>>> print(open('run10.pdb').read())   # PDB, C-alpha atoms
ATOM      1  CA  MET A  17      18.601 -27.473 -41.325
ATOM      2  CA  LYS A  18      16.618 -24.251 -41.843
ATOM      3  CA  ARG A  19      13.504 -26.321 -42.496
ATOM      4  CA  PHE A  20      14.065 -28.247 -39.231
ATOM      5  CA  TYR A  21      14.217 -25.036 -37.166
ATOM      6  CA  PHE A  22      11.156 -23.711 -38.991
ATOM      7  CA  LEU A  23       9.160 -26.864 -38.135
ATOM      8  CA  LEU A  24      10.419 -26.731 -34.540
ATOM      9  CA  LYS A  25       9.261 -23.134 -34.260
ATOM     10  CA  VAL A  26       5.799 -24.053 -35.590
ATOM     11  CA  VAL A  27       5.470 -26.936 -33.129
ATOM     12  CA  MET A  28       6.557 -24.812 -30.131
ATOM     13  CA  THR A  29       4.180 -22.037 -31.154
ATOM     14  CA  GLY A  30       1.367 -24.579 -31.269
ATOM     15  CA  PHE A  31       2.236 -25.757 -27.769
ATOM     16  CA  LEU A  32       2.129 -22.207 -26.434
ATOM     17  CA  LEU A  33      -1.160 -21.390 -28.111
ATOM     18  CA  THR A  34      -2.816 -24.531 -26.781
ATOM     19  CA  GLY A  35      -1.447 -23.964 -23.284
ATOM     20  CA  PHE A  36       0.920 -26.951 -23.168
ATOM     21  CA  GLY A  37       3.925 -24.672 -23.040
ATOM     22  CA  SER A  38       2.762 -22.627 -20.044
ATOM     23  CA  VAL A  39       1.563 -23.209 -16.524
ATOM     24  CA  PRO A  40      -2.229 -22.907 -16.405
ATOM     25  CA  GLY A  41      -3.511 -20.248 -14.012
ATOM     26  CA  PHE A  42      -6.219 -20.839 -11.423
ATOM     27  CA  ALA A  43      -9.664 -19.948 -12.728
ATOM     28  CA  TYR A  44     -12.896 -20.378 -10.800
ATOM     29  CA  GLU A  45     -15.782 -21.917 -12.718
ATOM     30  CA  MET A  46     -19.405 -21.357 -11.786
ATOM     31  CA  GLY A  47     -21.616 -24.423 -11.930
ATOM     32  CA  GLU A  48     -24.295 -26.367 -10.149
ATOM     33  CA  THR A  49     -23.405 -27.292  -6.574
ATOM     34  CA  LEU A  50     -24.697 -30.796  -5.843
ATOM     35  CA  HIS A  51     -25.044 -31.961  -2.240
ATOM     36  CA  GLY A  52     -23.282 -28.874  -0.945
ATOM     37  CA  GLY A  53     -22.463 -28.495   2.724
ATOM     38  CA  SER A  54     -22.030 -25.585   5.122
ATOM     39  CA  LEU A  55     -19.358 -24.235   7.433
ATOM     40  CA  THR A  56     -20.149 -22.260  10.570
ATOM     41  CA  GLY A  57     -18.228 -21.194  13.625
ATOM     42  CA  LYS A  58     -17.011 -18.435  15.880
ATOM     43  CA  VAL A  59     -13.750 -16.523  16.179
ATOM     44  CA  LYS A  60     -12.557 -15.435  19.609
ATOM     45  CA  LEU A  61      -9.777 -13.215  20.918
ATOM     46  CA  ARG A  62      -8.028 -14.496  24.017
ATOM     47  CA  GLY A  63      -6.372 -12.045  26.383
ATOM     48  CA  PRO A  64      -6.840  -8.323  26.986
ATOM     49  CA  VAL A  65      -8.251  -6.285  24.110
ATOM     50  CA  PRO A  66      -5.480  -4.168  22.517
ATOM     51  CA  GLU A  67      -5.768  -0.431  23.042
ATOM     52  CA  ASN A  68      -6.914   1.891  20.294
ATOM     53  CA  ARG A  69      -4.224   3.489  18.152
ATOM     54  CA  THR A  70      -3.849   7.207  18.845
ATOM     55  CA  PHE A  71      -3.151   9.877  16.220
ATOM     56  CA  PRO A  72      -2.826  13.583  17.219
ATOM     57  CA  ILE A  73      -4.881  15.576  14.691
ATOM     58  CA  ALA A  74      -2.418  18.483  14.846
ATOM     59  CA  LEU A  75       0.210  16.397  13.064
ATOM     60  CA  TYR A  76      -1.815  16.156   9.865
ATOM     61  CA  GLU A  77      -2.763  18.740   7.290
ATOM     62  CA  TYR A  78      -6.353  19.977   7.362
ATOM     63  CA  GLY A  79      -6.857  18.113  10.622
ATOM     64  CA  VAL A  80      -9.523  20.598  11.680
ATOM     65  CA  TYR A  81     -11.810  19.073   9.052
ATOM     66  CA  CYS A  82     -11.464  15.653  10.670
ATOM     67  CA  LYS A  83     -12.801  16.833  14.021
ATOM     68  CA  LYS A  84     -15.963  14.729  13.895
ATOM     69  CA  ILE A  85     -13.964  11.535  14.428
ATOM     70  CA  SER A  86     -11.753  12.990  17.180
ATOM     71  CA  ASP A  87     -12.092  12.159  20.852
ATOM     72  CA  GLY A  88     -12.653  15.796  21.816
ATOM     73  CA  ASN A  89      -9.066  16.090  23.043
ATOM     74  CA  GLY A  90      -7.404  16.522  19.674
ATOM     75  CA  HIS A  91      -6.820  12.858  18.884
ATOM     76  CA  VAL A  92      -8.230  10.309  16.481
ATOM     77  CA  LEU A  93      -8.625   6.945  18.182
ATOM     78  CA  LEU A  94      -8.528   4.095  15.690
ATOM     79  CA  LYS A  95     -10.396   1.115  17.152
ATOM     80  CA  GLU A  96      -9.182  -2.030  15.407
ATOM     81  CA  PHE A  97     -10.394  -4.751  17.780
ATOM     82  CA  HIS A  98     -14.128  -5.119  18.285
ATOM     83  CA  VAL A  99     -14.722  -7.830  20.884
ATOM     84  CA  ASP A 100     -18.005  -8.757  22.546
ATOM     85  CA  LEU A 101     -18.468  -9.869  26.146
ATOM     86  CA  GLU A 102     -17.853 -13.516  25.218
ATOM     87  CA  GLY A 103     -14.644 -12.790  23.328
ATOM     88  CA  GLY A 104     -16.203 -12.845  19.856
ATOM     89  CA  LEU A 105     -13.912 -10.995  17.440
ATOM     90  CA  GLN A 106     -15.408  -8.924  14.636
ATOM     91  CA  ASP A 107     -13.922  -8.289  11.161
ATOM     92  CA  VAL A 108     -12.112 -11.611  10.764
ATOM     93  CA  VAL A 109     -12.133 -12.963   7.213
ATOM     94  CA  ILE A 110     -12.788 -16.695   6.856
ATOM     95  CA  ALA A 111     -11.772 -17.950   3.405
ATOM     96  CA  ILE A 112     -11.815 -21.455   1.915
ATOM     97  CA  GLN A 113      -8.838 -21.924  -0.373
ATOM     98  CA  ASP A 114      -8.572 -23.521  -3.821
ATOM     99  CA  VAL A 115     -12.261 -24.110  -4.575
ATOM    100  CA  LYS A 116     -12.239 -24.490  -8.345
ATOM    101  CA  ARG A 117     -15.940 -24.851  -9.099
ATOM    102  CA  GLY A 118     -19.188 -24.076  -7.297
ATOM    103  CA  LYS A 119     -21.867 -21.494  -6.634
ATOM    104  CA  PRO A 120     -22.024 -18.162  -8.503
ATOM    105  CA  PHE A 121     -19.239 -15.707  -7.718
ATOM    106  CA  ARG A 122     -21.039 -12.411  -7.366
ATOM    107  CA  TYR A 123     -19.397  -9.208  -8.522
ATOM    108  CA  ILE A 124     -17.677  -7.275  -5.732
ATOM    109  CA  LYS A 125     -17.792  -3.520  -6.134
ATOM    110  CA  ASN A 126     -14.518  -2.000  -4.988
ATOM    111  CA  GLU A 127     -16.229   1.363  -4.517
ATOM    112  CA  PHE A 128     -15.768   3.616  -1.491
ATOM    113  CA  VAL A 129     -16.506   7.091  -0.175
ATOM    114  CA  ALA A 130     -14.169   9.333   1.809
ATOM    115  CA  VAL A 131     -16.293  10.943   4.502
ATOM    116  CA  ASN A 132     -15.260  12.423   7.864
ATOM    117  CA  CYS A 133     -11.686  11.410   7.050
ATOM    118  CA  MET A 134     -12.470   7.701   6.835
ATOM    119  CA  PHE A 135     -12.966   5.249   3.967
ATOM    120  CA  HIS A 136     -16.377   3.592   3.851
ATOM    121  CA  PRO A 137     -17.890   1.110   1.408
ATOM    122  CA  TYR A 138     -20.046   3.062  -1.016
ATOM    123  CA  ASP A 139     -23.276   1.305  -0.007
ATOM    124  CA  VAL A 140     -22.926   1.911   3.761
ATOM    125  CA  ALA A 141     -25.677   4.207   5.068
ATOM    126  CA  ASP A 142     -24.653   7.368   6.918
ATOM    127  CA  ALA A 143     -26.493   6.188  10.021
ATOM    128  CA  GLU A 144     -24.247   3.111  10.195
ATOM    129  CA  GLN A 145     -21.034   5.132  10.381
ATOM    130  CA  PHE A 146     -21.496   6.117  14.019
ATOM    131  CA  GLU A 147     -22.679   4.482  17.231
ATOM    132  CA  THR A 148     -23.760   6.044  20.508
ATOM    133  CA  HIS A 149     -22.480   4.584  23.771
ATOM    134  CA  GLU A 150     -23.552   6.237  27.033
ATOM    135  CA  GLY A 151     -24.232   9.483  25.229
ATOM    136  CA  THR A 152     -20.880   9.504  23.413
ATOM    137  CA  LEU A 153     -20.753   9.413  19.626
ATOM    138  CA  THR A 154     -18.260   6.840  18.327
ATOM    139  CA  HIS A 155     -17.130   6.452  14.744
ATOM    140  CA  VAL A 156     -17.561   2.943  13.308
ATOM    141  CA  HIS A 157     -14.353   2.299  11.419
ATOM    142  CA  PRO A 158     -14.696  -0.113   8.467
ATOM    143  CA  LEU A 159     -11.641  -2.174   9.358
ATOM    144  CA  VAL A 160     -11.805  -4.893   6.692
ATOM    145  CA  MET A 161     -13.076  -5.082   3.128
ATOM    146  CA  ILE A 162     -13.238  -7.900   0.582
ATOM    147  CA  LEU A 163     -11.480  -7.275  -2.761
ATOM    148  CA  ARG A 164     -11.154  -9.008  -6.103
ATOM    149  CA  ASN A 165      -7.930  -8.860  -8.045
ATOM    150  CA  ASP A 166      -7.654  -7.347 -11.541
ATOM    151  CA  SER A 167     -10.662  -5.127 -10.973
ATOM    152  CA  PRO A 168     -11.229  -1.360 -10.693
ATOM    153  CA  LEU A 169     -11.234   0.554  -7.410
ATOM    154  CA  ALA A 170     -12.833   3.980  -7.027
ATOM    155  CA  VAL A 171     -13.347   6.523  -4.224
ATOM    156  CA  LEU A 172     -15.823   9.414  -4.078
ATOM    157  CA  ASN A 173     -14.663  12.280  -1.840
ATOM    158  CA  ARG A 174     -17.429  13.803   0.288
ATOM    159  CA  ASP A 175     -15.008  15.751   2.481
ATOM    160  CA  PRO A 176     -14.202  19.432   1.833
ATOM    161  CA  ILE A 177     -10.475  18.606   1.657
ATOM    162  CA  VAL A 178      -8.207  16.703  -0.707
ATOM    163  CA  HIS A 179      -7.161  13.128   0.101
ATOM    164  CA  ASN A 180      -4.656  10.776  -1.494
ATOM    165  CA  GLY A 181      -5.399   7.089  -2.022
ATOM    166  CA  GLN A 182      -2.610   4.535  -1.699
ATOM    167  CA  VAL A 183      -3.154   0.782  -1.947
ATOM    168  CA  TYR A 184      -0.342  -1.328  -0.506
ATOM    169  CA  GLN A 185       0.555  -4.966  -0.908
ATOM    170  CA  PRO A 186       2.033  -5.493   2.589
ATOM    171  CA  GLU A 187       3.343  -8.986   1.827
ATOM    172  CA  LYS A 188       5.698  -7.425  -0.737
ATOM    173  CA  GLY A 189       5.989  -4.008   0.871
ATOM    174  CA  ASN A 190       5.120  -2.058  -2.250
ATOM    175  CA  VAL A 191       2.427   0.321  -3.498
ATOM    176  CA  ILE A 192       0.349  -1.032  -6.364
ATOM    177  CA  LEU A 193      -1.974   1.962  -6.767
ATOM    178  CA  ASN A 194      -1.548   5.663  -5.973
ATOM    179  CA  PHE A 195      -4.183   8.202  -6.964
ATOM    180  CA  PRO A 196      -5.430  11.662  -5.939
ATOM    181  CA  ILE A 197      -8.884  12.014  -4.392
ATOM    182  CA  PRO A 198      -9.904  15.633  -5.074
ATOM    183  CA  VAL A 199     -13.069  17.331  -3.932
ATOM    184  CA  ALA A 200     -15.321  16.360  -6.851
ATOM    185  CA  ASP A 201     -18.688  14.884  -7.794
ATOM    186  CA  ASN A 202     -17.090  11.946  -9.608
ATOM    187  CA  ARG A 203     -15.008   9.033  -8.380
ATOM    188  CA  HIS A 204     -11.265   8.635  -8.724
ATOM    189  CA  GLY A 205      -9.108   5.535  -8.578
ATOM    190  CA  GLY A 206      -7.523   2.939 -10.810
ATOM    191  CA  SER A 207      -7.135  -0.800 -11.343
ATOM    192  CA  LEU A 208      -5.957  -3.350  -8.780
ATOM    193  CA  HIS A 209      -3.304  -5.780  -9.957
ATOM    194  CA  PHE A 210      -1.842  -7.806  -7.104
ATOM    195  CA  GLU A 211       0.871 -10.363  -7.669
ATOM    196  CA  GLU A 212      -0.351 -13.933  -7.937
ATOM    197  CA  GLY A 213      -0.779 -15.572  -4.554
ATOM    198  CA  MET A 214      -0.904 -12.303  -2.602
ATOM    199  CA  LYS A 215      -3.922 -11.997  -0.309
ATOM    200  CA  ILE A 216      -3.510  -8.892   1.862
ATOM    201  CA  ALA A 217      -4.101  -5.258   0.903
ATOM    202  CA  GLN A 218      -4.184  -1.965   2.758
ATOM    203  CA  MET A 219      -5.794   1.256   1.571
ATOM    204  CA  ILE A 220      -4.582   4.402   3.321
ATOM    205  CA  CYS A 221      -4.627   8.143   2.765
ATOM    206  CA  GLY A 222      -1.151   9.524   2.142
ATOM    207  CA  MET A 223      -2.105  12.709   4.002
ATOM    208  CA  HIS A 224      -3.961  11.239   7.008
ATOM    209  CA  GLU A 225      -2.433   8.082   8.468
ATOM    210  CA  TYR A 226      -5.515   7.242  10.547
ATOM    211  CA  MET A 227      -7.610   7.120   7.363
ATOM    212  CA  GLN A 228      -7.001   3.469   6.533
ATOM    213  CA  THR A 229      -8.688   0.146   5.965
ATOM    214  CA  TRP A 230      -7.527  -3.378   5.123
ATOM    215  CA  GLY A 231      -8.556  -5.883   2.475
ATOM    216  CA  TRP A 232      -8.429  -9.618   1.801
ATOM    217  CA  ILE A 233      -8.302 -10.703  -1.849
ATOM    218  CA  VAL A 234     -10.606 -13.585  -2.764
ATOM    219  CA  ASP A 235     -10.661 -15.783  -5.868
ATOM    220  CA  ASN A 236     -13.826 -17.738  -5.089
ATOM    221  CA  PRO A 237     -17.160 -17.010  -3.364
ATOM    222  CA  TYR A 238     -16.530 -19.216  -0.335
ATOM    223  CA  TYR A 239     -15.659 -16.581   2.247
ATOM    224  CA  ALA A 240     -17.274 -14.707   5.127
ATOM    225  CA  LYS A 241     -16.514 -11.898   7.551
ATOM    226  CA  THR A 242     -17.353 -12.267  11.231
ATOM    227  CA  GLY A 243     -20.042 -10.044  12.707
ATOM    228  CA  LYS A 244     -20.174  -8.292  16.063
ATOM    229  CA  ASP A 245     -20.555 -11.633  17.846
ATOM    230  CA  GLY A 246     -17.563 -13.184  16.058
ATOM    231  CA  LYS A 247     -19.727 -15.697  14.189
ATOM    232  CA  TYR A 248     -19.664 -16.588  10.498
ATOM    233  CA  MET A 249     -21.372 -18.904   7.992
ATOM    234  CA  ILE A 250     -20.463 -20.167   4.509
ATOM    235  CA  ASP A 251     -22.952 -22.294   2.587
ATOM    236  CA  ARG A 252     -23.289 -24.387  -0.596
ATOM    237  CA  ILE A 253     -19.730 -25.710  -0.341
ATOM    238  CA  PRO A 254     -18.904 -28.572  -2.741
ATOM    239  CA  PRO A 255     -18.041 -31.760  -0.787
ATOM    240  CA  GLY A 256     -14.321 -32.298  -0.367
ATOM    241  CA  SER A 257     -11.203 -31.513   1.657
ATOM    242  CA  TYR A 258     -10.105 -27.890   2.021
ATOM    243  CA  HIS A 259      -7.759 -25.500   3.770
ATOM    244  CA  VAL A 260      -9.589 -22.722   5.628
ATOM    245  CA  THR A 261      -7.849 -19.464   6.537
ATOM    246  CA  ALA A 262      -8.868 -17.035   9.290
ATOM    247  CA  TRP A 263      -7.284 -13.588   9.001
ATOM    248  CA  HIS A 264      -7.300 -10.368  11.012
ATOM    249  CA  PRO A 265      -5.172  -7.403   9.845
ATOM    250  CA  HIS A 266      -2.893  -7.247  12.868
ATOM    251  CA  MET A 267      -2.298 -10.940  13.469
ATOM    252  CA  LYS A 268      -0.840 -13.830  11.521
ATOM    253  CA  PRO A 269      -3.383 -15.897   9.559
ATOM    254  CA  VAL A 270      -4.519 -19.172  11.101
ATOM    255  CA  GLU A 271      -5.107 -22.143   8.796
ATOM    256  CA  LYS A 272      -7.025 -25.366   9.432
ATOM    257  CA  GLU A 273      -8.022 -28.381   7.360
ATOM    258  CA  ILE A 274     -11.625 -29.539   7.030
ATOM    259  CA  VAL A 275     -13.666 -32.139   5.186
ATOM    260  CA  ILE A 276     -17.094 -31.101   3.939
ATOM    261  CA  PRO A 277     -19.350 -34.176   3.598
ATOM    262  CA  PRO A 278     -22.261 -34.198   1.136
ATOM    263  CA  GLN A 279     -25.068 -32.040   2.535
ATOM    264  CA  GLY A 280     -23.153 -31.923   5.808
ATOM    265  CA  ALA A 281     -22.741 -29.144   8.357
ATOM    266  CA  VAL A 282     -19.279 -28.552   9.823
ATOM    267  CA  ASP A 283     -18.537 -26.323  12.805
ATOM    268  CA  LEU A 284     -15.081 -24.743  12.904
ATOM    269  CA  ASP A 285     -13.917 -22.233  15.524
ATOM    270  CA  PHE A 286     -10.780 -20.114  15.564
ATOM    271  CA  GLU A 287      -8.884 -18.369  18.356
ATOM    272  CA  PHE A 288      -6.381 -15.530  18.245
ATOM    273  CA  GLU A 289      -4.051 -14.474  21.071
ATOM    274  CA  SER A 290      -3.997 -10.742  21.781
ATOM    275  CA  GLN A 291      -0.337 -11.020  22.828
ATOM    276  CA  GLU A 292       0.515 -11.873  19.218
ATOM    277  CA  VAL A 293      -0.806  -8.591  17.831
ATOM    278  CA  GLU A 294       1.697  -7.077  15.419
ATOM    279  CA  ARG A 295       2.217  -3.301  15.580
ATOM    280  CA  PRO A 296       4.580  -1.057  13.593
ATOM    281  CA  LEU A 297       7.907  -0.613  15.398
ATOM    282  CA  TYR A 298       7.539   3.157  15.771
ATOM    283  CA  GLU A 299       4.306   2.691  17.732
ATOM    284  CA  THR A 300       6.083   0.831  20.521
ATOM    285  CA  GLN A 301       7.657   4.024  21.870
ATOM    286  CA  GLU A 302       5.934   5.696  24.791
ATOM    287  CA  GLN A 303       5.859   9.235  23.362
ATOM    288  CA  PHE A 304       4.783  10.516  19.958
ATOM    289  CA  ARG A 305       7.508  11.240  17.437
ATOM    290  CA  ILE A 306       6.360  14.877  17.330
ATOM    291  CA  GLY A 307       4.530  16.205  20.352
ATOM    292  CA  PRO A 308       1.152  17.949  19.900
ATOM    293  CA  GLY A 309       2.750  21.123  21.289
ATOM    294  CA  TYR A 310       4.806  21.722  18.165
ATOM    295  CA  ARG A 311       1.994  23.990  16.955
ATOM    296  CA  PRO A 312       1.543  26.384  19.882
ATOM    297  CA  LYS A 313      -1.235  28.275  18.086
ATOM    298  CA  GLU A 314      -3.474  25.211  18.006
ATOM    299  CA  ASP A 315      -5.956  24.521  20.784
ATOM    300  CA  LEU A 316      -6.325  20.742  20.902
ATOM    301  CA  MET A 317      -8.881  20.645  23.692
ATOM    302  CA  GLY A 318     -11.805  21.458  21.414
ATOM    303  CA  CYS A 319     -14.250  24.344  21.427
ATOM    304  CA  GLU A 320     -18.051  24.175  21.250
ATOM    305  CA  GLY A 321     -18.584  20.435  20.919
ATOM    306  CA  PRO A 322     -16.942  17.125  21.757
ATOM    307  CA  TYR A 323     -15.682  16.762  18.179
ATOM    308  CA  CYS A 324     -14.461  20.323  17.693
ATOM    309  CA  VAL A 325     -10.823  21.228  17.098
ATOM    310  CA  HIS A 326     -10.368  24.988  17.008
ATOM    311  CA  ARG A 327      -7.427  26.837  15.439
ATOM    312  CA  HIS A 328      -6.417  30.186  16.934
ATOM    313  CA  ASP A 329      -4.876  32.437  14.300
ATOM    314  CA  HIS A 330      -2.965  35.155  16.164
TER
END
>>> encode(input="run10.pdb", output="structure tokens")
Amino acid sequence: MKRFYFLLKVVMTGFLLTGFGSVPGFAYEMGETLHGGSLTGKVKLRGPVPENRTFPIALYEYGVYCKKISDGNGHVLLKEFHVDLEGGLQDVVIAIQDVKRGKPFRYIKNEFVAVNCMFHPYDVADAEQFETHEGTLTHVHPLVMILRNDSPLAVLNRDPIVHNGQVYQPEKGNVILNFPIPVADNRHGGSLHFEEGMKIAQMICGMHEYMQTWGWIVDNPYYAKTGKDGKYMIDRIPPGSYHVTAWHPHMKPVEKEIVIPPQGAVDLDFEFESQEVERPLYETQEQFRIGPGYRPKEDLMGCEGPYCVHRHDH
């Protein structure tokens, strides 16, 4: 009897080591793409463009150092919907699901800088962080980033104040990474480990709520992010049938099925309804939870420039 259990243990161990005793995980393989096709299209937003989210600077510590991104009246306006005159919606991720083999999957650097109380990809030039419209300087908020799971994430702090990095997995409602971002010449962060099947991430500063950006986790190189005109393009797709997902942080993902023929070009458009925008419950109230007047010594109307918040110390 003892010998029987010993042999059974050896056999089961062999199954586990060879993978027969476990469910194989999805792994993308890079190889030659023969007769690959392409996918192009445009994403539009139907309905009125949602208003910017408003955050009174006085409610947050060291808010005076975030004055460059204020509206000149003591508020940070977070613009999360960039729509052109034809309805083209920017910052929508288009991702083809379950592609197991194809073109090279380039390395994605999950590296960012904290500057002017906003997170920016590390390779974004300073000149691209602001735009001028009718003489008014507007901060370009990097709304969406592309992330890879089981990889490091790091932030370099260029601000003169301390930040705190928190990466959420909204689908589960939990924090998967929490790290300090001190004023330093080196980067700080940690490793990203999302649960299998999770796709959405949010990086936010625990001290400044308006300092936030969203991420979509990819497991293959067949993805794109719409530009200012709402258009996108994905090339060298292996022929076959696929599910394609379009995602914007504040709306439910939209999924469609496509067939990519050999060396074929497929056009696929998506539409989102602005009435379906999802906002946190506390933002539906008409007044702020704490009025800007709770600090009577703070002048929220600015001082010498349009992005100046001045503190009176009496």
>>> resolve_selection(input="run10.pdb", expression="the PyMOL selection byres ((chain A and resi 259) around 10)", output="list in words")
Ala111, Ile112, Gln113, Asp114, Val115, Ser257, Tyr258, Val260, Thr261, Glu271, Lys272, Glu273, Ile274 and Val275 of chain A
>>> axis_aligned_box(input="run10.pdb", around="region 243-261 of chain A", padding_each_side="4 Å", output="JSON")
{"center_x": -15.5, "center_y": -20.3, "center_z": 7.6, "size_x": 23.5, "size_y": 32.0, "size_z": 28.6}
>>> closest_atom_pairs(input="run10.pdb", of="region 125-200 of chain A", to="region 68-88 of chain A", cutoff="9 Å", atoms="all atoms listed in the file", output="tab-separated table")
residue	atom	partner	partner_atom	distance
A:Asn132	CA	A:Cys82	CA	5.7
A:Cys133	CA	A:Cys82	CA	5.6
A:Met134	CA	A:Ile85	CA	8.6
A:Leu153	CA	A:Ile85	CA	8.8
A:Thr154	CA	A:Ile85	CA	7.5
A:His155	CA	A:Ile85	CA	6.0
A:Asp175	CA	A:Tyr81	CA	8.0
A:Pro176	CA	A:Tyr81	CA	7.6
A:Ile177	CA	A:Tyr78	CA	7.2
A:Val178	CA	A:Tyr78	CA	8.9
>>> residues_near_point(input="run10.pdb", point="(3.6, 1.1, 1.7)", cutoff="12 Å", atoms="only C-alpha atoms", output="list in words")
Gly181, Gln182, Val183, Tyr184, Gln185, Pro186, Glu187, Lys188, Gly189, Asn190, Val191, Ile192, Leu193, Asn194, Ala217, Gln218, Met219, Ile220, Cys221, Gly222, Glu225 and Gln228 of chain A
>>> resolve_selection(input="run10.pdb", expression="the PyMOL selection byres ((chain A and resi 47) around 9)", output="ChimeraX atom specification")
/A:45-46,48-49,117-120
